[in-house]
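Chemist: Okay, so here is upload_6.csv, and as you'll see once you scroll down, it has CSV, C-alpha atoms.
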chain,number,residue,atom,x,y,z
R,28,MET,CA,2.1,-9.7,-70.9
R,29,SER,CA,1.2,-6.5,-72.8
R,30,LYS,CA,4.6,-6.0,-74.5
R,31,MET,CA,5.3,-8.2,-77.5
R,32,LEU,CA,8.3,-9.9,-79.2
R,33,LYS,CA,8.3,-11.1,-82.8
R,34,ASN,CA,10.0,-14.0,-84.4
R,35,SER,CA,11.8,-12.3,-87.4
R,36,LYS,CA,11.8,-15.6,-89.3
R,37,THR,CA,8.3,-16.8,-88.9
R,38,GLY,CA,6.5,-13.5,-88.0
R,39,LYS,CA,4.9,-15.1,-84.9
R,40,GLU,CA,4.3,-12.8,-82.0
R,41,LEU,CA,4.4,-13.6,-78.3
R,42,ALA,CA,4.1,-11.6,-75.1
R,43,ILE,CA,7.5,-11.2,-73.5
R,44,TYR,CA,6.3,-13.3,-70.6
R,45,ASP,CA,5.5,-16.2,-73.0
R,46,ALA,CA,8.7,-15.7,-75.1
R,47,TYR,CA,10.9,-16.6,-72.2
R,48,THR,CA,11.2,-20.0,-70.6
R,49,PHE,CA,11.7,-20.1,-66.8
R,50,ASN,CA,14.4,-22.5,-65.8
R,51,GLY,CA,14.7,-24.4,-62.5
R,52,ASP,CA,17.7,-22.5,-61.4
R,53,GLY,CA,15.8,-19.2,-61.6
R,54,SER,CA,17.3,-18.1,-65.0
R,55,LEU,CA,15.4,-17.2,-68.2
R,56,THR,CA,16.0,-18.5,-71.7
R,57,LEU,CA,14.6,-16.7,-74.7
R,58,LYS,CA,12.9,-18.9,-77.2
R,59,GLU,CA,14.7,-19.2,-80.5
R,60,GLY,CA,14.0,-16.6,-83.2
R,61,PHE,CA,12.2,-14.0,-81.0
R,62,ASP,CA,14.6,-11.1,-81.6
R,63,THR,CA,12.4,-8.2,-82.4
R,64,TYR,CA,10.6,-5.9,-80.0
R,65,ILE,CA,7.3,-4.3,-81.0
R,66,THR,CA,7.2,-0.8,-79.4
R,67,PRO,CA,3.9,0.8,-78.3
R,68,THR,CA,3.9,2.8,-81.5
R,69,GLU,CA,4.2,-0.4,-83.6
R,70,LYS,CA,7.8,0.3,-84.5
R,71,GLU,CA,10.0,-2.8,-84.6
R,72,ILE,CA,13.5,-2.7,-83.1
R,73,HIS,CA,16.1,-5.3,-82.3
R,74,TRP,CA,15.7,-7.0,-78.8
R,75,THR,CA,18.8,-6.5,-76.7
R,76,ASN,CA,19.7,-6.7,-73.1
R,77,GLN,CA,19.5,-2.9,-72.8
R,78,LYS,CA,16.0,-2.9,-74.2
R,79,ARG,CA,15.1,-5.8,-71.8
R,80,TYR,CA,16.4,-3.6,-69.0
R,81,ASP,CA,14.3,-0.6,-70.2
R,82,VAL,CA,11.1,-2.7,-70.2
R,83,ARG,CA,11.9,-4.2,-66.7
R,84,ASN,CA,12.6,-0.7,-65.4
R,85,ASN,CA,9.3,0.7,-66.9
R,86,ILE,CA,7.4,-2.2,-65.2
R,87,ARG,CA,9.1,-1.5,-61.9
R,88,GLU,CA,8.5,2.3,-62.1
R,89,VAL,CA,4.8,1.8,-62.9
R,90,ASN,CA,4.4,-0.5,-59.9
R,91,LYS,CA,6.1,2.2,-57.8
R,92,GLN,CA,3.5,4.7,-59.0
R,93,ILE,CA,0.7,2.3,-58.1
R,94,HIS,CA,1.9,0.6,-54.9
R,95,GLY,CA,4.9,2.5,-53.6
R,96,ASN,CA,8.5,1.3,-53.7
R,97,TYR,CA,8.9,-2.1,-52.2
R,98,ALA,CA,12.0,-3.2,-54.1
R,99,HIS,CA,14.6,-4.8,-51.8
R,100,GLU,CA,17.5,-3.1,-53.5
R,101,ASP,CA,15.9,0.3,-52.9
R,102,ARG,CA,15.7,0.0,-49.2
R,103,MET,CA,16.4,3.1,-47.1
R,104,ALA,CA,19.2,3.2,-44.6
R,105,ILE,CA,16.8,3.3,-41.7
R,106,GLN,CA,15.3,-0.1,-42.8
R,107,SER,CA,18.4,-1.9,-41.5
R,108,ASN,CA,16.7,-2.2,-38.1
R,109,ALA,CA,13.2,-3.2,-36.9
R,110,LEU,CA,12.1,0.4,-35.8
R,111,GLY,CA,13.2,1.7,-39.2
R,112,GLU,CA,11.1,-1.0,-40.9
R,113,LEU,CA,8.0,0.2,-38.9
R,114,ALA,CA,8.6,3.8,-39.9
R,115,ALA,CA,9.1,2.8,-43.6
R,116,GLN,CA,5.8,0.9,-43.7
R,117,PHE,CA,3.9,4.2,-43.3
R,118,HIS,CA,6.0,6.0,-45.8
R,119,LYS,CA,5.9,3.3,-48.5
R,120,TRP,CA,2.2,3.1,-49.0
R,121,THR,CA,0.6,6.2,-47.5
R,122,VAL,CA,2.8,8.8,-49.1
R,123,PRO,CA,2.7,7.2,-52.6
R,124,ALA,CA,-1.1,6.9,-52.4
R,125,ILE,CA,-1.4,10.7,-51.6
R,126,LYS,CA,1.1,11.6,-54.4
R,127,ALA,CA,-0.8,9.4,-56.9
R,128,ARG,CA,-3.9,11.5,-56.3
R,129,PHE,CA,-2.8,15.0,-55.5
R,130,ARG,CA,0.8,15.5,-56.7
R,131,PRO,CA,1.1,18.5,-59.2
R,132,GLU,CA,2.3,17.8,-62.7
R,133,TYR,CA,5.9,16.6,-63.0
R,134,PHE,CA,8.2,14.7,-65.4
R,135,ASP,CA,9.4,11.3,-64.4
R,136,GLU,CA,12.5,10.2,-66.4
R,137,ASN,CA,11.2,6.6,-66.5
R,138,VAL,CA,7.5,6.8,-67.3
R,139,GLY,CA,7.2,10.4,-68.7
R,140,TRP,CA,4.7,13.1,-67.6
R,141,MET,CA,2.8,12.4,-64.4
R,142,GLU,CA,0.1,14.1,-62.4
R,143,GLY,CA,-2.1,13.2,-59.4
R,144,ARG,CA,-5.2,11.7,-60.9
R,145,TYR,CA,-7.6,13.8,-58.8
R,146,LEU,CA,-6.0,16.9,-60.2
R,147,SER,CA,-6.3,15.5,-63.7
R,148,PHE,CA,-10.0,14.7,-63.1
R,149,LEU,CA,-10.6,18.2,-61.9
R,150,LYS,CA,-9.0,19.7,-65.0
R,151,PHE,CA,-10.9,17.3,-67.2
R,152,MET,CA,-14.2,18.3,-65.6
R,153,LEU,CA,-13.4,22.1,-65.8
R,154,TYR,CA,-12.6,21.6,-69.5
R,155,SER,CA,-15.8,19.6,-70.1
R,156,MET,CA,-17.9,22.4,-68.5
R,157,LYS,CA,-16.3,25.0,-70.7
R,158,ASN,CA,-16.8,23.0,-73.8
R,159,LEU,CA,-20.2,21.5,-73.5
R,160,GLY,CA,-20.7,21.8,-77.3
R,161,GLU,CA,-18.0,19.3,-77.9
R,162,ILE,CA,-19.5,16.6,-75.8
R,163,GLY,CA,-18.7,13.8,-78.3
R,164,ASN,CA,-15.0,14.7,-78.4
R,165,TRP,CA,-14.1,15.7,-74.9
R,166,SER,CA,-11.5,13.1,-74.3
R,167,ARG,CA,-9.7,13.6,-77.7
R,168,ASN,CA,-9.8,17.4,-77.6
R,169,PHE,CA,-8.7,17.5,-73.9
R,170,THR,CA,-5.7,15.4,-74.9
R,171,GLU,CA,-4.9,17.5,-78.0
R,172,GLN,CA,-4.8,20.8,-76.2
R,173,TYR,CA,-1.6,19.8,-74.4
R,174,LYS,CA,0.3,19.2,-77.6
R,175,LYS,CA,1.5,22.8,-77.5
R,176,GLU,CA,3.4,21.9,-74.3
R,177,ASP,CA,4.4,18.4,-75.3
R,178,ALA,CA,4.6,17.5,-79.0
R,179,THR,CA,4.5,13.8,-78.3
R,180,GLY,CA,1.0,14.1,-76.7
R,181,GLN,CA,2.1,12.0,-73.7
R,182,LYS,CA,1.2,14.8,-71.3
R,183,GLY,CA,-2.4,15.1,-72.5
R,184,LYS,CA,-2.8,11.3,-72.6
R,185,MET,CA,-1.5,11.0,-69.0
R,186,LYS,CA,-4.1,13.6,-67.8
R,187,THR,CA,-6.9,11.8,-69.6
R,188,ILE,CA,-5.9,8.5,-68.2
R,189,GLY,CA,-5.8,10.1,-64.7
R,190,ALA,CA,-9.3,11.3,-65.2
R,191,TYR,CA,-10.5,7.9,-66.3
R,192,ARG,CA,-8.8,6.3,-63.2
R,193,THR,CA,-10.7,8.7,-60.9
R,194,MET,CA,-14.0,8.0,-62.6
R,195,ALA,CA,-13.3,4.2,-62.2
R,196,GLU,CA,-12.5,4.8,-58.5
R,197,ILE,CA,-15.7,6.8,-58.1
R,198,GLY,CA,-17.6,4.0,-59.8
R,199,ILE,CA,-16.2,1.3,-57.5
R,200,MET,CA,-16.9,3.5,-54.5
R,201,PHE,CA,-20.6,3.9,-55.4
R,202,SER,CA,-20.8,0.2,-56.2
R,203,THR,CA,-19.5,-0.9,-52.9
R,204,TYR,CA,-21.8,1.6,-51.1
R,205,MET,CA,-24.8,0.3,-53.0
R,206,ILE,CA,-23.9,-3.3,-52.3
R,207,THR,CA,-23.5,-2.6,-48.6
R,208,GLN,CA,-26.9,-0.9,-48.5
R,209,LEU,CA,-28.5,-3.8,-50.4
R,210,LEU,CA,-26.9,-6.3,-48.0
R,211,SER,CA,-28.1,-4.3,-45.0
R,212,GLY,CA,-31.6,-4.4,-46.3
R,213,LEU,CA,-31.6,-8.1,-47.4
R,214,LEU,CA,-29.9,-9.3,-44.2
R,215,GLU,CA,-31.9,-7.5,-41.6
R,216,ASP,CA,-31.8,-8.9,-38.1
R,217,ASP,CA,-34.3,-11.7,-37.7
R,218,ASP,CA,-35.1,-13.3,-34.4
R,219,ASP,CA,-35.3,-16.7,-36.1
R,220,ASP,CA,-31.7,-16.5,-37.3
R,221,SER,CA,-29.2,-18.7,-35.5
R,222,VAL,CA,-26.1,-17.1,-33.9
R,223,ILE,CA,-23.8,-18.5,-36.5
R,224,GLN,CA,-26.0,-17.2,-39.4
R,225,LYS,CA,-26.3,-13.8,-37.8
R,226,ARG,CA,-22.5,-13.5,-37.5
R,227,PHE,CA,-21.9,-14.5,-41.1
R,228,GLU,CA,-24.5,-12.0,-42.3
R,229,ASN,CA,-23.0,-9.2,-40.2
R,230,ALA,CA,-19.4,-10.2,-41.3
R,231,LEU,CA,-20.5,-9.8,-44.9
R,232,ILE,CA,-22.1,-6.4,-44.3
R,233,TYR,CA,-18.9,-5.4,-42.4
R,234,GLN,CA,-16.6,-6.3,-45.2
R,235,GLY,CA,-18.7,-4.3,-47.7
R,236,ASP,CA,-18.6,-1.3,-45.4
R,237,ARG,CA,-14.9,-1.7,-45.0
R,238,ALA,CA,-14.3,-1.8,-48.8
R,239,TYR,CA,-16.4,1.4,-49.2
R,240,LYS,CA,-14.5,3.3,-46.5
R,241,GLU,CA,-11.1,2.2,-47.8
R,242,MET,CA,-12.1,3.5,-51.2
R,243,VAL,CA,-13.2,6.9,-49.9
R,244,MET,CA,-10.1,7.3,-47.6
R,245,TYR,CA,-8.3,9.7,-49.9
R,246,MET,CA,-11.4,11.4,-51.3
R,247,PRO,CA,-11.7,15.0,-50.2
R,248,THR,CA,-15.1,14.4,-48.7
R,249,PRO,CA,-16.3,14.4,-45.1
R,250,THR,CA,-16.3,10.6,-45.0
R,251,GLY,CA,-12.8,10.5,-46.5
R,252,LEU,CA,-11.4,13.1,-44.2
R,253,LYS,CA,-12.8,11.2,-41.2
R,254,GLN,CA,-11.1,7.9,-42.4
R,255,MET,CA,-7.8,9.7,-42.9
R,256,ALA,CA,-7.9,11.2,-39.4
R,257,GLN,CA,-8.6,7.8,-37.9
R,258,MET,CA,-5.7,6.3,-39.9
R,259,ALA,CA,-3.4,9.1,-38.9
R,260,LYS,CA,-4.0,8.2,-35.2
R,261,THR,CA,-2.7,4.6,-35.7
R,262,PRO,CA,-0.9,4.5,-39.1
R,263,LEU,CA,1.0,1.3,-38.2
R,264,ALA,CA,-0.7,-1.9,-37.2
R,265,SER,CA,2.5,-2.9,-35.4
R,266,THR,CA,2.6,0.1,-33.2
R,267,ARG,CA,-1.1,-0.3,-32.4
R,268,THR,CA,-0.4,-3.9,-31.2
R,269,LEU,CA,2.5,-2.6,-29.1
R,270,GLY,CA,0.2,-0.1,-27.5
R,271,GLU,CA,-2.4,-2.7,-26.8
R,272,VAL,CA,0.2,-5.0,-25.2
R,273,GLY,CA,1.4,-2.0,-23.0
R,274,GLU,CA,-2.2,-1.3,-21.9
R,275,ALA,CA,-2.8,-5.0,-21.2
R,276,LEU,CA,0.3,-5.2,-19.0
R,277,GLU,CA,-0.7,-2.0,-17.2
R,278,ALA,CA,-4.2,-3.4,-16.7
R,279,THR,CA,-2.8,-6.7,-15.4
R,280,ALA,CA,-0.7,-4.9,-12.8
R,281,SER,CA,-3.7,-2.9,-11.7
R,282,PHE,CA,-5.9,-6.0,-11.6
R,283,LEU,CA,-3.4,-7.8,-9.4
R,284,TYR,CA,-3.2,-4.9,-7.0
R,285,GLY,CA,-7.0,-4.6,-6.9
R,286,ILE,CA,-7.7,-8.3,-6.3
R,287,SER,CA,-5.0,-8.4,-3.6
R,288,PHE,CA,-5.8,-5.3,-1.6
R,289,GLU,CA,-9.4,-4.3,-2.5
R,290,ARG,CA,-11.2,-7.6,-2.2
R,291,ASP,CA,-14.4,-6.3,-0.7
R,292,GLY,CA,-14.9,-3.5,-3.2
R,293,PHE,CA,-13.2,-5.2,-6.2
R,294,TYR,CA,-16.3,-6.1,-8.2
R,295,ARG,CA,-17.9,-2.7,-7.5
R,296,ASN,CA,-14.9,-0.8,-8.8
R,297,SER,CA,-15.4,0.3,-12.4
R,298,GLU,CA,-11.6,0.5,-12.8
R,299,TYR,CA,-11.4,-3.3,-12.7
R,300,VAL,CA,-14.9,-4.6,-13.6
R,301,TYR,CA,-17.5,-3.4,-16.1
R,302,GLN,CA,-20.5,-1.9,-14.2
R,303,ARG,CA,-22.9,-1.5,-17.2
R,304,LYS,CA,-24.5,-3.8,-19.7
R,305,PRO,CA,-23.8,-5.7,-21.9
R,306,LYS,CA,-20.5,-6.5,-20.2
R,307,GLU,CA,-21.7,-5.9,-16.6
R,308,GLY,CA,-19.7,-8.1,-14.1
R,309,GLN,CA,-16.9,-8.9,-16.6
R,310,ILE,CA,-13.2,-8.2,-15.6
R,311,LYS,CA,-11.7,-5.5,-17.8
R,312,VAL,CA,-8.2,-7.0,-18.0
R,313,VAL,CA,-9.6,-10.0,-20.0
R,314,ASP,CA,-10.8,-7.6,-22.7
R,315,GLN,CA,-7.4,-5.9,-22.7
R,316,TRP,CA,-5.6,-9.2,-23.5
R,317,MET,CA,-8.2,-10.2,-26.0
R,318,ASP,CA,-7.3,-6.9,-27.9
R,319,ALA,CA,-3.5,-7.4,-27.5
R,320,ILE,CA,-3.0,-11.1,-28.6
R,321,PRO,CA,-3.8,-11.6,-32.4
R,322,ILE,CA,-5.4,-15.0,-32.0
R,323,LEU,CA,-7.6,-13.9,-29.1
R,324,TYR,CA,-8.4,-10.7,-31.0
R,325,GLY,CA,-9.6,-12.8,-34.0
R,326,ILE,CA,-11.9,-14.8,-31.7
R,327,GLN,CA,-13.3,-11.6,-30.1
R,328,ARG,CA,-13.9,-10.1,-33.6
R,329,TRP,CA,-15.9,-13.2,-34.6
R,330,SER,CA,-18.1,-13.0,-31.5
R,331,GLY,CA,-18.4,-9.3,-32.0
R,332,TYR,CA,-20.3,-9.9,-35.3
R,333,ASP,CA,-23.3,-10.6,-33.1
R,334,ARG,CA,-23.7,-6.8,-33.2
R,335,GLN,CA,-21.0,-5.1,-35.3
R,336,LYS,CA,-21.7,-4.3,-39.0
R,337,SER,CA,-19.7,-1.1,-39.6
R,338,PHE,CA,-16.0,-0.9,-40.2
R,339,PHE,CA,-13.9,1.6,-38.2
R,340,ILE,CA,-10.2,2.1,-37.5
R,341,LYS,CA,-9.5,1.5,-33.9
Just dump the structure as structure tokens.

Modeler:
Amino acid sequence: MSKMLKNSKTGKELAIYDAYTFNGDGSLTLKEGFDTYITPTEKEIHWTNQKRYDVRNNIREVNKQIHGNYAHEDRMAIQSNALGELAAQFHKWTVPAIKARFRPEYFDENVGWMEGRYLSFLKFMLYSMKNLGEIGNWSRNFTEQYKKEDATGQKGKMKTIGAYRTMAEIGIMFSTYMITQLLSGLLEDDDDDSVIQKRFENALIYQGDRAYKEMVMYMPTPTGLKQMAQMAKTPLASTRTLGEVGEALEATASFLYGISFERDGFYRNSEYVYQRKPKEGQIKVVDQWMDAIPILYGIQRWSGYDRQKSFFIK
């Protein structure tokens, strides 16, 4: 959408997305006359299949920088089986997320100079503190100082953009925190609220808290480190589910033994039955299966909004 093609006969310009017609068989047809590509530097060059490949490759590489590599053709050998897919899930989003924030400066042959945006932000702040007198030109001068190392200026521009990304991330983080606090104040528990209303209110606060904690996960702060530690314990949702199923099966076997051979003391045994409020008298194996089966887990989460407002990684 941001890269343009020009009709050399009429002078009309269209985004590449609009210059092509998508056919029913999945193929693309270029509209007649759009044969000139306008580069980011406003230079006009002839549009060829090689240039189309370069643009597609650039889009793909930028997406890899943002989201990790999910292209089907780039699958690793271990992804040929189910266990390999589980392991790759963790690698494909966690590792790229850390690299995008903390990786030292390096040159990528597809997108140019790159650096973790937190490192770029730190360098930008250090430069700003050293040059307080240039407050109106921080961004421009910060970019210019790297032209000695890279005549094109791409390295400096990359670092500046990295700093802007971090500032945007910090802005979103504070916004979600303030929204959560406002919701908590506006939607305080009221005895007159119905159960449904209370659950909806707590669900709204919960989602705000979740957005905030997901934003700070990679921030080198106490809250961020806590979230990363929790995530490291159960990095894959699939493996957590397998663990829950295993625990439920074990609890079922224990329950059947207890109900068969310990009838007199069954309901007084804390191994099988909750002995304290608010779940006093409830059989534990039911909760185990509620955690293990996704549909039942969703039902349990809904009822849990009677009390729960904060997000945490189980």

Chemist: What would the list of residues within 12 Å of (-22.0, 0.4, -52.1) (file frame) look like as a count of residues only, if all atoms listed in the file are what count?

Modeler: 27

Chemist: Counting only C-alpha atoms, which residue out of R:Glu40, R:Asp62, R:Asp314, R:Glu142 sits closest to Val300 in chain R?

Modeler: R:Asp314

Chemist: What is the CA of Trp316 in chain R to CA of Glu271 in chain R distance in Å?

Modeler: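 Separation between CA of Trp316 in chain R and CA of Glu271 in chain R: 8.0 Å.
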
Chemist: Let me make sure I understand: among R:Phe134, R:Gly212, R:Thr63, R:Met194, which one has the smallest atom-to-atom distance to Asp177 in chain R if we use all atoms listed in the file?

Modeler: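 Once distances to Asp177 in chain R are computed over all atoms listed in the file, the minimum belongs to R:Phe134.
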
Chemist: May I ask for the distance between CA of Asn229 in chain R and CA of Leu323 in chain R, given in Å to one decimal place?

Modeler: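 Between these atoms lies a distance of 19.6 Å.
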
Chemist: To one decimal place, how far is CA of Ser29 in chain R from CA of Leu146 in chain R in Å?

Modeler: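 We find that CA of Ser29 in chain R and CA of Leu146 in chain R lie 27.5 Å from each other.
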